[in-house]
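What's in work-v5.cif: mmCIF, C-alpha atoms and all ligand atoms
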```cif
data_entry
#
loop_
_atom_site.group_PDB
_atom_site.id
_atom_site.type_symbol
_atom_site.label_atom_id
_atom_site.label_comp_id
_atom_site.auth_asym_id
_atom_site.auth_seq_id
_atom_site.Cartn_x
_atom_site.Cartn_y
_atom_site.Cartn_z
ATOM 1 C CA MET A 1 89.785 -19.714 -53.197
ATOM 2 C CA LYS A 2 92.524 -19.313 -55.774
ATOM 3 C CA ILE A 3 96.127 -19.550 -54.573
ATOM 4 C CA THR A 4 99.052 -18.465 -56.763
ATOM 5 C CA PHE A 5 102.716 -18.974 -55.921
ATOM 6 C CA TRP A 6 104.909 -15.971 -56.830
ATOM 7 C CA GLY A 7 107.858 -17.011 -54.663
ATOM 8 C CA VAL A 8 108.521 -20.366 -52.984
ATOM 9 C CA ARG A 9 112.203 -20.157 -52.017
ATOM 10 C CA GLY A 10 113.639 -19.534 -48.552
ATOM 11 C CA SER A 11 116.584 -17.451 -47.321
ATOM 12 C CA ILE A 12 117.787 -15.751 -50.518
ATOM 13 C CA PRO A 13 116.625 -15.521 -54.144
ATOM 14 C CA CYS A 14 118.451 -17.917 -56.456
ATOM 15 C CA PRO A 15 117.806 -17.050 -60.103
ATOM 16 C CA ALA A 16 119.810 -19.783 -61.789
ATOM 17 C CA ARG A 17 119.294 -22.270 -64.607
ATOM 18 C CA SER A 18 119.551 -25.027 -62.022
ATOM 19 C CA HIS A 19 116.545 -23.606 -60.095
ATOM 20 C CA VAL A 20 114.208 -22.513 -62.868
ATOM 21 C CA HIS A 21 111.742 -25.428 -62.645
ATOM 22 C CA PHE A 22 110.748 -24.881 -58.992
ATOM 23 C CA GLY A 23 111.640 -21.158 -58.990
ATOM 24 C CA GLY A 24 114.134 -18.771 -57.418
ATOM 25 C CA ASN A 25 112.011 -15.972 -55.899
ATOM 26 C CA THR A 26 111.520 -15.810 -52.130
ATOM 27 C CA SER A 27 108.204 -16.229 -50.292
ATOM 28 C CA CYS A 28 105.122 -14.574 -51.758
ATOM 29 C CA VAL A 29 101.711 -16.225 -52.165
ATOM 30 C CA HIS A 30 98.553 -14.572 -53.510
ATOM 31 C CA VAL A 31 95.146 -15.717 -52.273
ATOM 32 C CA ALA A 32 92.067 -14.451 -54.119
ATOM 33 C CA VAL A 33 89.094 -15.225 -51.904
ATOM 34 C CA GLY A 34 85.660 -13.771 -51.122
ATOM 35 C CA GLY A 35 86.364 -10.651 -53.217
ATOM 36 C CA GLU A 36 89.594 -9.983 -51.289
ATOM 37 C CA ASP A 37 93.184 -10.049 -52.556
ATOM 38 C CA LEU A 38 95.418 -11.374 -49.790
ATOM 39 C CA ILE A 39 99.201 -11.526 -50.038
ATOM 40 C CA LEU A 40 101.184 -13.826 -47.792
ATOM 41 C CA ASP A 41 104.691 -12.411 -47.373
ATOM 42 C CA ALA A 42 106.627 -9.842 -49.364
ATOM 43 C CA GLY A 43 109.645 -11.762 -50.656
ATOM 44 C CA THR A 44 111.041 -11.049 -54.121
ATOM 45 C CA GLY A 45 108.028 -12.758 -55.712
ATOM 46 C CA LEU A 46 105.987 -9.687 -54.701
ATOM 47 C CA ARG A 47 107.401 -7.621 -57.564
ATOM 48 C CA GLY A 48 105.771 -9.821 -60.208
ATOM 49 C CA LEU A 49 102.498 -9.903 -58.272
ATOM 50 C CA GLY A 50 102.511 -6.078 -58.218
ATOM 51 C CA ARG A 51 102.839 -6.002 -62.004
ATOM 52 C CA SER A 52 100.015 -8.500 -62.312
ATOM 53 C CA PHE A 53 97.770 -6.344 -60.089
ATOM 54 C CA GLN A 54 98.519 -3.295 -62.265
ATOM 55 C CA ILE A 55 97.729 -5.172 -65.477
ATOM 56 C CA ARG A 56 94.472 -6.507 -64.023
ATOM 57 C CA GLY A 57 93.416 -3.190 -62.465
ATOM 58 C CA VAL A 58 93.449 -4.431 -58.865
ATOM 59 C CA THR A 59 93.632 -1.395 -56.516
ATOM 60 C CA ARG A 60 93.305 -2.887 -53.046
ATOM 61 C CA ALA A 61 95.033 -5.706 -51.149
ATOM 62 C CA THR A 62 95.907 -6.974 -47.687
ATOM 63 C CA LEU A 63 99.457 -8.099 -46.908
ATOM 64 C CA LEU A 64 99.802 -10.681 -44.128
ATOM 65 C CA LEU A 65 103.414 -11.112 -43.019
ATOM 66 C CA SER A 66 104.689 -14.294 -41.406
ATOM 67 C CA HIS A 67 107.613 -12.283 -40.029
ATOM 68 C CA THR A 68 110.175 -9.708 -41.132
ATOM 69 C CA HIS A 69 113.340 -11.637 -41.958
ATOM 70 C CA TRP A 70 114.832 -10.318 -45.200
ATOM 71 C CA ASP A 71 113.618 -13.111 -47.449
ATOM 72 C CA HIS A 72 110.005 -12.275 -46.486
ATOM 73 C CA ILE A 73 110.142 -8.472 -46.895
ATOM 74 C CA CYS A 74 112.837 -7.694 -49.475
ATOM 75 C CA GLY A 75 110.255 -7.474 -52.286
ATOM 76 C CA PHE A 76 108.227 -4.875 -50.389
ATOM 77 C CA PRO A 77 110.052 -1.723 -51.649
ATOM 78 C CA PHE A 78 109.573 -3.022 -55.218
ATOM 79 C CA PHE A 79 105.789 -3.421 -54.963
ATOM 80 C CA THR A 80 105.051 -0.522 -57.309
ATOM 81 C CA PRO A 81 101.241 -0.337 -56.868
ATOM 82 C CA ALA A 82 101.746 0.873 -53.284
ATOM 83 C CA TYR A 83 103.413 4.089 -54.526
ATOM 84 C CA ASP A 84 100.110 5.048 -56.178
ATOM 85 C CA PRO A 85 98.010 7.212 -53.807
ATOM 86 C CA LYS A 86 94.863 5.711 -55.363
ATOM 87 C CA TRP A 87 95.961 2.325 -54.090
ATOM 88 C CA SER A 88 94.949 0.951 -50.714
ATOM 89 C CA MET A 89 97.031 -1.665 -48.930
ATOM 90 C CA ARG A 90 96.660 -2.907 -45.355
ATOM 91 C CA ILE A 91 99.782 -4.479 -43.873
ATOM 92 C CA LEU A 92 99.460 -6.803 -40.887
ATOM 93 C CA ALA A 93 102.001 -8.668 -38.750
ATOM 94 C CA GLY A 94 101.610 -10.734 -35.591
ATOM 95 C CA HIS A 95 105.142 -10.932 -34.170
ATOM 96 C CA LEU A 96 105.945 -7.287 -33.429
ATOM 97 C CA PRO A 97 103.405 -5.785 -31.010
ATOM 98 C CA ARG A 98 106.151 -5.484 -28.389
ATOM 99 C CA GLN A 99 109.016 -4.787 -30.788
ATOM 100 C CA GLY A 100 108.155 -1.411 -32.273
ATOM 101 C CA GLY A 101 105.456 -2.503 -34.691
ATOM 102 C CA ILE A 102 105.395 -3.386 -38.367
ATOM 103 C CA ARG A 103 105.469 0.175 -39.710
ATOM 104 C CA SER A 104 108.771 1.067 -38.071
ATOM 105 C CA VAL A 105 110.372 -2.243 -39.100
ATOM 106 C CA LEU A 106 109.392 -1.800 -42.768
ATOM 107 C CA ALA A 107 110.489 1.862 -42.633
ATOM 108 C CA SER A 108 113.886 0.820 -41.299
ATOM 109 C CA GLN A 109 114.725 -1.191 -44.446
ATOM 110 C CA MET A 110 113.823 1.855 -46.602
ATOM 111 C CA THR A 111 116.337 4.332 -45.164
ATOM 112 C CA ASP A 112 119.624 5.889 -46.305
ATOM 113 C CA PRO A 113 122.079 4.526 -47.193
ATOM 114 C CA MET A 114 120.411 1.144 -47.848
ATOM 115 C CA PHE A 115 117.492 2.351 -49.984
ATOM 116 C CA PRO A 116 116.906 5.791 -51.496
ATOM 117 C CA VAL A 117 113.098 5.931 -51.324
ATOM 118 C CA PRO A 118 111.465 6.239 -47.869
ATOM 119 C CA LEU A 119 108.373 4.332 -46.773
ATOM 120 C CA ASP A 120 106.455 7.639 -46.704
ATOM 121 C CA ALA A 121 106.607 7.641 -50.521
ATOM 122 C CA MET A 122 104.357 4.549 -50.508
ATOM 123 C CA ARG A 123 101.203 6.617 -50.400
ATOM 124 C CA GLY A 124 99.031 3.598 -51.140
ATOM 125 C CA ALA A 125 100.276 1.684 -48.086
ATOM 126 C CA SER A 126 97.371 3.002 -46.091
ATOM 127 C CA ALA A 127 97.278 1.007 -42.851
ATOM 128 C CA PHE A 128 99.884 -0.776 -40.721
ATOM 129 C CA GLU A 129 98.389 -3.022 -38.061
ATOM 130 C CA ASP A 130 99.981 -5.179 -35.373
ATOM 131 C CA PHE A 131 98.230 -8.093 -33.718
ATOM 132 C CA SER A 132 99.401 -10.885 -31.421
ATOM 133 C CA ALA A 133 99.899 -14.257 -33.110
ATOM 134 C CA GLY A 134 97.062 -16.457 -31.851
ATOM 135 C CA GLU A 135 94.312 -13.923 -32.609
ATOM 136 C CA THR A 136 91.484 -14.499 -35.112
ATOM 137 C CA PHE A 137 90.067 -11.766 -37.350
ATOM 138 C CA THR A 138 87.816 -11.302 -40.377
ATOM 139 C CA LEU A 139 88.772 -9.672 -43.695
ATOM 140 C CA GLY A 140 86.091 -8.277 -45.996
ATOM 141 C CA SER A 141 82.684 -9.572 -45.037
ATOM 142 C CA ASP A 142 83.422 -13.237 -44.423
ATOM 143 C CA VAL A 143 87.041 -14.308 -44.888
ATOM 144 C CA VAL A 144 88.141 -15.700 -41.525
ATOM 145 C CA VAL A 145 91.844 -15.549 -40.660
ATOM 146 C CA LYS A 146 93.115 -17.618 -37.725
ATOM 147 C CA THR A 147 96.704 -17.251 -36.562
ATOM 148 C CA ALA A 148 99.235 -19.045 -34.363
ATOM 149 C CA PRO A 149 102.749 -18.267 -33.088
ATOM 150 C CA LEU A 150 105.562 -20.298 -34.675
ATOM 151 C CA GLN A 151 108.959 -21.365 -33.306
ATOM 152 C CA HIS A 152 111.405 -19.089 -35.107
ATOM 153 C CA PRO A 153 114.179 -16.653 -34.111
ATOM 154 C CA ASN A 154 112.532 -13.199 -33.622
ATOM 155 C CA GLY A 155 109.085 -14.849 -33.888
ATOM 156 C CA ALA A 156 106.780 -15.697 -36.793
ATOM 157 C CA THR A 157 103.056 -16.168 -37.384
ATOM 158 C CA GLY A 158 101.215 -19.059 -39.056
ATOM 159 C CA TYR A 159 97.926 -18.321 -40.864
ATOM 160 C CA ARG A 160 94.745 -20.236 -41.634
ATOM 161 C CA ILE A 161 92.386 -18.647 -44.163
ATOM 162 C CA GLU A 162 88.814 -19.957 -44.273
ATOM 163 C CA HIS A 163 86.039 -19.116 -46.697
ATOM 164 C CA GLY A 164 83.116 -20.896 -48.311
ATOM 165 C CA GLY A 165 83.872 -24.246 -46.713
ATOM 166 C CA VAL A 166 87.541 -24.435 -47.718
ATOM 167 C CA SER A 167 90.635 -23.764 -45.653
ATOM 168 C CA PHE A 168 94.242 -22.980 -46.534
ATOM 169 C CA CYS A 169 97.136 -22.734 -44.060
ATOM 170 C CA TYR A 170 100.446 -20.927 -44.480
ATOM 171 C CA VAL A 171 102.999 -22.133 -41.936
ATOM 172 C CA THR A 172 106.522 -20.776 -42.442
ATOM 173 C CA ASP A 173 109.126 -20.204 -40.934
ATOM 174 C CA THR A 174 109.162 -22.635 -38.012
ATOM 175 C CA GLU A 175 111.402 -25.188 -36.299
ATOM 176 C CA HIS A 176 110.147 -28.430 -34.808
ATOM 177 C CA LYS A 177 111.437 -30.509 -31.911
ATOM 178 C CA PRO A 178 112.023 -34.064 -33.150
ATOM 179 C CA GLY A 179 109.449 -36.493 -31.767
ATOM 180 C CA GLN A 180 107.217 -33.696 -30.493
ATOM 181 C CA LEU A 181 104.481 -32.387 -32.811
ATOM 182 C CA ASP A 182 103.917 -28.628 -32.386
ATOM 183 C CA GLN A 183 100.504 -28.325 -30.700
ATOM 184 C CA ASN A 184 99.931 -24.747 -31.932
ATOM 185 C CA ILE A 185 100.423 -25.899 -35.512
ATOM 186 C CA LEU A 186 98.268 -29.013 -35.059
ATOM 187 C CA ARG A 187 95.378 -26.847 -33.838
ATOM 188 C CA LEU A 188 95.853 -24.338 -36.662
ATOM 189 C CA ILE A 189 95.903 -26.891 -39.500
ATOM 190 C CA GLU A 190 93.260 -29.307 -38.180
ATOM 191 C CA GLY A 191 91.302 -30.741 -41.125
ATOM 192 C CA ALA A 192 92.670 -28.081 -43.539
ATOM 193 C CA ASP A 193 92.370 -28.643 -47.288
ATOM 194 C CA LEU A 194 95.898 -27.438 -48.021
ATOM 195 C CA VAL A 195 98.864 -26.645 -45.771
ATOM 196 C CA LEU A 196 102.020 -24.896 -47.002
ATOM 197 C CA TYR A 197 104.765 -25.813 -44.567
ATOM 198 C CA ASP A 198 108.390 -24.763 -43.964
ATOM 199 C CA SER A 199 110.142 -27.714 -45.611
ATOM 200 C CA THR A 200 113.587 -26.155 -45.889
ATOM 201 C CA TYR A 201 115.378 -29.388 -44.978
ATOM 202 C CA SER A 202 115.007 -33.148 -45.005
ATOM 203 C CA ASP A 203 115.104 -35.032 -41.691
ATOM 204 C CA ASP A 204 118.700 -36.091 -42.478
ATOM 205 C CA GLU A 205 119.878 -32.510 -43.006
ATOM 206 C CA PHE A 206 117.972 -31.187 -39.998
ATOM 207 C CA LEU A 207 120.344 -32.740 -37.457
ATOM 208 C CA ALA A 208 123.081 -30.293 -38.513
ATOM 209 C CA LYS A 209 120.664 -27.311 -38.566
ATOM 210 C CA VAL A 210 119.078 -27.405 -35.114
ATOM 211 C CA GLY A 211 118.484 -23.833 -33.927
ATOM 212 C CA TRP A 212 118.333 -22.349 -37.446
ATOM 213 C CA GLY A 213 114.550 -21.928 -37.220
ATOM 214 C CA HIS A 214 113.376 -24.258 -39.975
ATOM 215 C CA SER A 215 111.732 -27.633 -40.392
ATOM 216 C CA THR A 216 111.528 -30.603 -42.763
ATOM 217 C CA TRP A 217 109.129 -31.975 -45.361
ATOM 218 C CA GLN A 218 108.866 -35.193 -43.347
ATOM 219 C CA GLU A 219 107.705 -33.183 -40.306
ATOM 220 C CA GLY A 220 105.158 -31.474 -42.583
ATOM 221 C CA ILE A 221 103.770 -34.898 -43.488
ATOM 222 C CA ARG A 222 103.680 -35.990 -39.829
ATOM 223 C CA LEU A 223 101.800 -32.810 -38.850
ATOM 224 C CA CYS A 224 99.297 -33.031 -41.727
ATOM 225 C CA ARG A 225 98.537 -36.689 -41.071
ATOM 226 C CA ALA A 226 98.109 -36.116 -37.329
ATOM 227 C CA ALA A 227 95.851 -33.088 -37.935
ATOM 228 C CA GLY A 228 93.755 -34.735 -40.677
ATOM 229 C CA ALA A 229 94.857 -32.114 -43.247
ATOM 230 C CA LYS A 230 94.273 -33.166 -46.881
ATOM 231 C CA ARG A 231 97.295 -31.829 -48.777
ATOM 232 C CA LEU A 232 100.807 -30.682 -47.914
ATOM 233 C CA GLY A 233 102.534 -28.116 -50.107
ATOM 234 C CA ILE A 234 106.309 -28.437 -49.573
ATOM 235 C CA PHE A 235 107.463 -24.812 -49.390
ATOM 236 C CA HIS A 236 110.384 -22.447 -48.533
ATOM 237 C CA HIS A 237 112.943 -24.470 -50.513
ATOM 238 C CA ASP A 238 116.589 -24.247 -49.479
ATOM 239 C CA PRO A 239 118.636 -22.272 -52.065
ATOM 240 C CA ASP A 240 121.139 -25.164 -52.070
ATOM 241 C CA HIS A 241 118.402 -27.524 -53.304
ATOM 242 C CA ASP A 242 118.424 -27.338 -57.093
ATOM 243 C CA ASP A 243 115.733 -28.698 -59.419
ATOM 244 C CA GLN A 244 117.262 -32.154 -59.546
ATOM 245 C CA TYR A 245 117.295 -32.356 -55.761
ATOM 246 C CA MET A 246 113.712 -31.043 -55.504
ATOM 247 C CA ARG A 247 112.461 -33.609 -58.028
ATOM 248 C CA GLY A 248 113.871 -36.236 -55.664
ATOM 249 C CA VAL A 249 112.014 -34.628 -52.748
ATOM 250 C CA ALA A 250 108.796 -34.610 -54.794
ATOM 251 C CA SER A 251 108.908 -38.348 -55.480
ATOM 252 C CA ALA A 252 110.126 -39.324 -51.994
ATOM 253 C CA ALA A 253 107.373 -37.230 -50.381
ATOM 254 C CA LYS A 254 104.698 -38.682 -52.674
ATOM 255 C CA GLU A 255 105.858 -42.158 -51.750
ATOM 256 C CA LEU A 256 105.614 -41.399 -48.031
ATOM 257 C CA TRP A 257 102.207 -39.701 -48.304
ATOM 258 C CA LYS A 258 100.184 -39.206 -51.459
ATOM 259 C CA GLY A 259 98.833 -35.862 -50.173
ATOM 260 C CA ALA A 260 102.284 -34.259 -50.422
ATOM 261 C CA PHE A 261 103.606 -32.252 -53.387
ATOM 262 C CA VAL A 262 106.376 -29.708 -53.973
ATOM 263 C CA VAL A 263 105.145 -26.151 -54.596
ATOM 264 C CA ARG A 264 106.418 -24.465 -57.778
ATOM 265 C CA GLU A 265 106.673 -20.768 -58.527
ATOM 266 C CA GLY A 266 104.189 -19.635 -61.190
ATOM 267 C CA ARG A 267 101.618 -22.314 -60.398
ATOM 268 C CA SER A 268 98.087 -21.769 -59.124
ATOM 269 C CA LEU A 269 95.673 -23.957 -57.229
ATOM 270 C CA LEU A 270 91.943 -23.657 -57.003
ATOM 271 C CA LEU A 271 90.379 -24.820 -53.750
ATOM 272 C CA GLU A 272 86.666 -25.372 -54.205
ATOM 273 C CA PRO A 273 84.107 -27.195 -52.115
ATOM 274 C CA ARG A 274 82.653 -30.235 -53.852
ATOM 275 C CA THR A 275 79.211 -29.314 -55.044
ATOM 276 C CA ARG A 276 77.194 -32.357 -56.049
ATOM 277 C CA GLY A 277 78.384 -35.823 -56.923
ATOM 278 C CA ASP A 278 81.989 -36.272 -58.019
ATOM 279 C CA ARG A 279 82.013 -33.801 -60.875
ATOM 280 C CA VAL A 280 85.369 -32.077 -61.165
ATOM 281 C CA THR A 281 85.037 -28.293 -61.295
ATOM 282 C CA ARG A 282 86.725 -26.798 -64.348
ATOM 283 C CA ALA A 283 89.416 -24.176 -63.880
ATOM 284 C CA PRO A 284 89.109 -20.845 -65.713
ATOM 285 C CA SER A 285 90.746 -21.436 -69.084
ATOM 286 C CA SER A 286 92.882 -18.293 -68.827
ATOM 287 C CA TYR A 287 95.092 -19.878 -66.190
ATOM 288 C CA ALA A 288 97.026 -22.546 -67.976
ATOM 289 C CA ASP A 289 98.736 -23.900 -64.903
ATOM 290 C CA ILE A 290 95.834 -24.348 -62.550
ATOM 291 C CA ARG A 291 95.612 -27.658 -60.811
ATOM 292 C CA ILE A 292 92.387 -28.646 -59.170
ATOM 293 C CA VAL A 293 91.989 -29.692 -55.594
ATOM 294 C CA ILE A 294 88.541 -30.787 -54.626
ATOM 295 C CA ALA A 295 87.870 -30.130 -50.993
ATOM 296 C CA ARG A 296 85.488 -32.138 -48.862
ATOM 297 C CA PRO A 297 81.811 -31.134 -48.911
ATOM 298 C CA ARG A 298 80.784 -28.302 -46.605
HETATM 299 ZN ZN ZN A 301 112.315 -17.493 -44.562
HETATM 300 ZN ZN ZN A 302 112.802 -16.442 -41.060
#
```

Take the structure I supplied and represent it as structure tokens, if you would.
Amino acid sequence: MKITFWGVRGSIPCPARSHVHFGGNTSCVHVAVGGEDLILDAGTGLRGLGRSFQIRGVTRATLLLSHTHWDHICGFPFFTPAYDPKWSMRILAGHLPRQGGIRSVLASQMTDPMFPVPLDAMRGASAFEDFSAGETFTLGSDVVVKTAPLQHPNGATGYRIEHGGVSFCYVTDTEHKPGQLDQNILRLIEGADLVLYDSTYSDDEFLAKVGWGHSTWQEGIRLCRAAGAKRLGIFHHDPDHDDQYMRGVASAAKELWKGAFVVREGRSLLLEPRTRGDRVTRAPSSYADIRIVIARPR
């Protein structure tokens, strides 16, 4: 399972010198697994991923949306492969079965006078599917996707992707109740190899942001430790948190729990099951930025 971060920021893109190290694009994560190309969220990072697909000749993908707040869908109209009728893209969301469905919500951001090109022009966006957060389904022949509802205004869905003995969870956007671990999230991330978690704030900042729908990197650590997850990827960075601030988060988080790290735009991770002995699996040499995470044996 190869995971690439095209956008790691929350709320609004922030392309500034002060944010270039961790990245300014909003949520978009690519997961290449079991012959499938999965996309988690359609923030502004999606534009670059679309270009990468075109360069590499990818013609099929599945988009899994956490929810439809702007920062998670504003890259969607700029995903150029989907305008190609030879392309095939499934789009799934778990928070809208009783709110009109994902197709009508995405169509509503591509209407006059906000955007000149209608959703109908995306001939390669071939299927729009709504499910209820909490359901489990399979993509391709054997990629298992488990889901859970999150605590967020207008709803959101957390994902767990399992294949070949490794598991990756994508849990954003969500708000916790201090002193009360979210049982839905604990079940979803149990024993996972890597968890990306809504770490918009620190515990200190959170007190002034109750009700805003987001969580903290410290809560991410508490959840991962309680659920026996192996690594926490601190994700959905606040636009007000520049590189200097985020470097501070990275070292403070590492000190609290060595499994924690801050996710950076442009980086990739390879999740592979340990084969035999302790031999470290080499990354493909064409990806300069790959870091290796060795998962537990199957
Ligand atoms: Zn968000
Ligand atoms: Zn949101």

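From CA of Leu65 (chain A) back to CA of Ile39 (chain A), the distance works out to 8.2 Å.
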
Inset, instruction - Set the cut-off to 8 Å, count all atoms listed in the file, and list whatever residues fall near ligand ZN 301 (chain A) as a list in words. - result: Arg9, Gly10, Ser11, Thr26, Ser27, His69, Trp70, Asp71, His72, Thr172, Asp173 and His236 of chain A

Write a file of the just-selected residues containing C-alpha atoms, as an mmCIF file, in the coordinates of the input.
```cif
data_model
loop_
_atom_site.group_PDB
_atom_site.id
_atom_site.type_symbol
_atom_site.label_atom_id
_atom_site.label_comp_id
_atom_site.auth_asym_id
_atom_site.auth_seq_id
_atom_site.Cartn_x
_atom_site.Cartn_y
_atom_site.Cartn_z
ATOM 1 C CA ARG A 9 112.203 -20.157 -52.017
ATOM 2 C CA GLY A 10 113.639 -19.534 -48.552
ATOM 3 C CA SER A 11 116.584 -17.451 -47.321
ATOM 4 C CA THR A 26 111.520 -15.810 -52.130
ATOM 5 C CA SER A 27 108.204 -16.229 -50.292
ATOM 6 C CA HIS A 69 113.340 -11.637 -41.958
ATOM 7 C CA TRP A 70 114.832 -10.318 -45.200
ATOM 8 C CA ASP A 71 113.618 -13.111 -47.449
ATOM 9 C CA HIS A 72 110.005 -12.275 -46.486
ATOM 10 C CA THR A 172 106.522 -20.776 -42.442
ATOM 11 C CA ASP A 173 109.126 -20.204 -40.934
ATOM 12 C CA HIS A 236 110.384 -22.447 -48.533
#
```

Inset, instruction - With a distance cut-off of 7 Å and only C-alpha atoms, select the neighbouring residues of Thr44 (chain A), excluding the residue or stretch itself and same-chain residues fewer than 4 positions from it, and output the selection as an MDAnalysis selection string. - result: chainID A and resid 7 25:26 74:75

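Nearest to ligand ZN 302 (chain A) of all the residues A:Gly140, A:Gly259, A:Gly164, A:Gly43 is A:Gly43, counting only C-alpha atoms and all ligand atoms.
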
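Coordinates place CA of Gly266 (chain A) at a distance of 10.6 Å from CA of Val20 (chain A).
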
Inset, instruction - Any chance you could resolve the PyMOL selection byres (((chain A and resi 128) around 7) and not hetatm) against this file and give the residues as number ranges by chain? - result: A: 90-92, 102-103, 127, 129-130

Inset, instruction - Mind checking which residues fall within 12 Å of Asp204 (chain A), counting all atoms listed in the file, ignoring those fewer than 3 positions away in the same chain, and posting them as an NGL selection string? - result: :A and (178 or 200-201 or 207-210 or 215-219)

Legend entry - Nearby residues (all atoms listed in the file) at most 12 Å from Thr62 (chain A), same-chain spacing under 3 positions excluded, as JSON, numbers by chain: {"A": [29, 30, 31, 32, 33, 35, 36, 37, 38, 39, 40, 41, 42, 58, 59, 65, 82, 87, 88, 89, 90, 91, 92, 93, 124, 125, 126, 127, 128, 129, 138, 139, 140, 143, 145]}
